[in-house]
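Below: the structure, in structure tokens.
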Amino acid sequence: MQILFWTCLGLILYTYLIYPFLVNLLAALFQRKIPVVGIDFPPVSMVIPAYNEEEVLEEKINNCLSIEYPEERIKFLFGSDGSSDGTNQILQSLDHPRIRTFLFSDREGKSSVLNKLIPEVEGSIVILSDANSMYHPESIKRLVSYFADPSIGGVCGRLDLVNISGNPGGKGEGLYWQFENSIKKAESSLHSVISSNGAIFAIRKDLFDPLPTKYIFNDDFMITLQILRKHKRVVYDPLAVATESTAPNMEGEFTRKIRISSLNFNAISSILPLLHPRYGFTALSLFSHKILRWMVPVFGLGMLVSNILLLNQGGIYPLLLAGQGLVYIGAGLGYLGDRFFGRSGPFIPFYYLAMINLALVLGNGFVR
């Protein structure tokens, strides 16, 4: 029981605290310099899958046309994935030389839309985006500039989450996103990020392989893995920015996390080959930042059960169990604050961490 307890505790501390600390320390000491040089503005195309996005679609179109990039060098490809609201009508009404629209009658999923749209791209650089992600005008210039380095296969920008409603879920997501971005920046400085956000992600077209459609995957994660398998790097530029609103409430955020968790678990078979030592830092990052993080609910349960069984040994174990209890109580108080008062106060971190780990458990049950 002692071995089980200390192993579970150690792995939780490693994935949440020790690995982030070490990777940031190593990045500060040995970061790889990534020269951002002047570019000759190669032709690029932004690909935007859309499903029932009538509420944000016009804003997205205006945002696309406001991006600062030579007009003759950039196009925008919108693909409606069997939308049943006013999305198709909005796209059909467009008549702009830089915008191409594709209306697919059946809903087949984002991966299928990407498989259809990316071969239509004329240039060598593809910008992946979501319909509800709004780009800073200079972002594409920054993303594209990195491709002067032939070792770089993809570049992801920073997604800023805007918590318009002020709900605890949005605040928790914002804090968690800042934490994740700090790790991503350090991984990029050392070698490569191991997961990109499809809201603002540029890739070399020739590195894209058709995504599997038999099962549903997290497409941006899968595309990152494709690039890493080909021994190319994916770097992160925090100054290439897009913004997106968080879920309007914690229930919406919870549902989204369950879906993301299920999509990530579906990608396990694609991750395993990259854990081979020949992939070096990529293997270490995937194991430390992804695999162990997804197993935290198992480690937490193992730690709780073993701690209870170790109480009869006295010493530090009663205090450690009390500490665990305080964490769970904090999560419960955060939930009650959200449920009855619309705010979680200082308990947001406990509440949000409990939510994402419960989502991991439920997401695992939806693997297909």
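Going by the structure tokens order, chains are called A, B, ..., each with residues numbered from 1, while ligands are numbered from 1 in the order shown.
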Write out as a PyMOL selection string each polymer residue whose atoms come within 10 Å of A:Arg100, counting only C-alpha atoms; drop sequence neighbours fewer than 2 positions from it. chain A and resi 47+75-79+91-92+94-98+102+120
Residues of stretch 139-242 of chain A that approach stretch 276-300 of chain A to 9 Å or less, counting only C-alpha atoms: could you list each one with the shortest pair of atoms and its distance in Å to one decimal, rows by chain and increasing residue number, as CSV?
residue,atom,partner,partner_atom,distance
A:Ile183,CA,A:His289,CA,8.8
A:Glu187,CA,A:Ser285,CA,7.8
A:Leu190,CA,A:Phe281,CA,8.4
A:His191,CA,A:Phe281,CA,7.1
A:Ser192,CA,A:Thr282,CA,7.1
A:Val193,CA,A:Thr282,CA,7.9
A:Ile194,CA,A:Leu286,CA,6.4
A:Ser195,CA,A:Leu286,CA,8.8
A:Leu228,CA,A:Thr282,CA,7.7
A:Arg229,CA,A:Tyr279,CA,8.4
A:His231,CA,A:Tyr279,CA,7.9
The selected residues should be written to file as a compact mmCIF listing (two decimals), in the first residue's frame (atoms: N, CA and C atoms).
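Dumped everything to selection.txt:
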# COMPACT_ATOMS: atom_id res chain seq x y z
N ILE A 183 3.46 25.62 -20.64
CA ILE A 183 4.13 24.35 -20.95
C ILE A 183 4.40 24.27 -22.45
N GLU A 187 7.99 23.65 -24.27
CA GLU A 187 8.23 22.51 -25.15
C GLU A 187 8.68 22.97 -26.53
N LEU A 190 12.31 24.01 -26.50
CA LEU A 190 13.26 22.90 -26.42
C LEU A 190 13.29 22.09 -27.71
N HIS A 191 12.13 21.80 -28.26
CA HIS A 191 12.09 20.99 -29.50
C HIS A 191 10.78 21.21 -30.24
N SER A 192 9.69 20.69 -29.68
CA SER A 192 8.41 20.73 -30.38
C SER A 192 7.27 20.59 -29.39
N VAL A 193 6.15 21.24 -29.68
CA VAL A 193 4.94 20.97 -28.92
C VAL A 193 4.40 19.62 -29.38
N ILE A 194 3.60 19.00 -28.53
CA ILE A 194 3.06 17.68 -28.88
C ILE A 194 1.54 17.72 -29.09
N SER A 195 0.97 18.91 -28.95
CA SER A 195 -0.46 19.07 -29.22
C SER A 195 -0.72 20.52 -29.60
N LEU A 228 4.83 15.05 -36.36
CA LEU A 228 5.90 14.54 -35.49
C LEU A 228 6.41 13.19 -35.98
N ARG A 229 5.52 12.35 -36.51
CA ARG A 229 5.95 11.05 -37.02
C ARG A 229 6.91 11.21 -38.18
N HIS A 231 9.17 13.36 -38.29
CA HIS A 231 10.38 13.97 -37.70
C HIS A 231 10.49 15.46 -38.03
Fewer than 6 positions away in the same chain doesn't count, so skip those; otherwise give me all residues within 10 Å of stretch 204-207 of chain A, counting only C-alpha atoms, as a PyMOL selection string. chain A and resi 44-45+118-119+121-127+144+147+152-155+223-224+226-230+232
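Distance check against A:Met222 using only C-alpha atoms: of A:Ile140, A:Leu159, A:Ile12, A:Ala267, the minimum falls on A:Ala267.
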Using the chain letters and numbers from this document, which residues of stretch 100-202 of chain A does DSSP assign to helix (DSSP H, G or I), as number ranges by chain? A: 110-120, 139-148, 168-190
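Minimum distance to A:Ser245 across A:Leu311, A:Phe217, A:Arg339, A:Val56 (counting only C-alpha atoms) occurs at A:Val56.
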Secondary structure check, strand (DSSP E or B) residues of stretch 169-311 of chain A, as a ChimeraX atom specification: /A:200-204,233-245
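Compared by their closest atoms to A:Cys156, and using only C-alpha atoms, the residues A:Leu211, A:Ala240, A:Leu301, A:Ile99 rank with A:Ala240 nearest.
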Name the residues in contact with stretch 326-334 of chain A at a cut-off of 12 Å, using only C-alpha atoms, excluding same-chain residues fewer than 2 positions from it; report them as an NGL selection string. :A and (167-169 or 172 or 250 or 300 or 304 or 319-324 or 336-358)
Write out as a short mmCIF file (atom, residue, chain, number, x, y, z; two decimals) with C-alpha atoms, in the first residue's frame the residues lying within 8 Å of A:Gly109, counting only C-alpha atoms and excluding same-chain residues fewer than 3 positions away.
data_model
loop_
_atom_site.label_atom_id
_atom_site.label_comp_id
_atom_site.auth_asym_id
_atom_site.auth_seq_id
_atom_site.Cartn_x
_atom_site.Cartn_y
_atom_site.Cartn_z
CA ASP A 81 -20.73 19.94 -42.59
CA SER A 112 -14.09 14.47 -43.15
CA VAL A 113 -14.47 18.18 -43.99
CA THR A 213 -13.04 8.87 -40.38
CA ILE A 216 -13.89 10.36 -34.31
#
Residues within 7 Å of A:Cys8, please, as a PDB file with N, CA and C atoms, in the first residue's frame. Count only C-alpha atoms; anything in the same chain fewer than 2 positions from it doesn't count.
ATOM      1  N   LEU A   4       2.082   1.790  -3.502  1.00  0.00           N
ATOM      2  CA  LEU A   4       0.989   2.273  -4.344  1.00  0.00           C
ATOM      3  C   LEU A   4       0.715   3.744  -4.058  1.00  0.00           C
ATOM      4  N   PHE A   5       0.639   4.107  -2.775  1.00  0.00           N
ATOM      5  CA  PHE A   5       0.315   5.488  -2.419  1.00  0.00           C
ATOM      6  C   PHE A   5       1.362   6.458  -2.947  1.00  0.00           C
ATOM      7  N   TRP A   6       2.633   6.198  -2.646  1.00  0.00           N
ATOM      8  CA  TRP A   6       3.680   7.149  -3.025  1.00  0.00           C
ATOM      9  C   TRP A   6       3.911   7.178  -4.536  1.00  0.00           C
ATOM     10  N   GLY A  10       3.359  10.538  -6.501  1.00  0.00           N
ATOM     11  CA  GLY A  10       4.507  11.009  -7.266  1.00  0.00           C
ATOM     12  C   GLY A  10       4.168  11.269  -8.726  1.00  0.00           C
ATOM     13  N   LEU A  11       3.363  10.398  -9.320  1.00  0.00           N
ATOM     14  CA  LEU A  11       3.010  10.568 -10.733  1.00  0.00           C
ATOM     15  C   LEU A  11       2.085  11.775 -10.939  1.00  0.00           C
ATOM     16  N   ILE A  12       1.175  12.007  -9.981  1.00  0.00           N
ATOM     17  CA  ILE A  12       0.310  13.183 -10.074  1.00  0.00           C
ATOM     18  C   ILE A  12       1.146  14.458  -9.960  1.00  0.00           C
ATOM     19  N   PHE A 299      -4.765   7.436 -10.759  1.00  0.00           N
ATOM     20  CA  PHE A 299      -3.792   7.680  -9.698  1.00  0.00           C
ATOM     21  C   PHE A 299      -4.475   8.270  -8.459  1.00  0.00           C
ATOM     22  N   GLY A 300      -5.428   9.163  -8.679  1.00  0.00           N
ATOM     23  CA  GLY A 300      -6.137   9.767  -7.549  1.00  0.00           C
ATOM     24  C   GLY A 300      -6.917   8.738  -6.760  1.00  0.00           C
ATOM     25  N   GLY A 302      -6.263   5.469  -6.682  1.00  0.00           N
ATOM     26  CA  GLY A 302      -5.283   4.610  -6.011  1.00  0.00           C
ATOM     27  C   GLY A 302      -4.700   5.265  -4.778  1.00  0.00           C
ATOM     28  N   MET A 303      -4.456   6.561  -4.841  1.00  0.00           N
ATOM     29  CA  MET A 303      -3.897   7.281  -3.709  1.00  0.00           C
ATOM     30  C   MET A 303      -4.905   7.351  -2.555  1.00  0.00           C
TER      31      MET A 303
END
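Straight-line separation from atom CA of A:Ser66 to atom CA of A:Ser84: 27.7 Å.
In this comparison, which uses only C-alpha atoms, the residue of A:Leu9, A:Val305, A:Ala131, A:Leu310 approaching A:Glu244 most closely is A:Ala131.
Considering only C-alpha atoms, the residue among A:Leu25, A:Leu175, A:Leu225, A:Val241 positioned nearest to A:Leu275 is A:Leu225.
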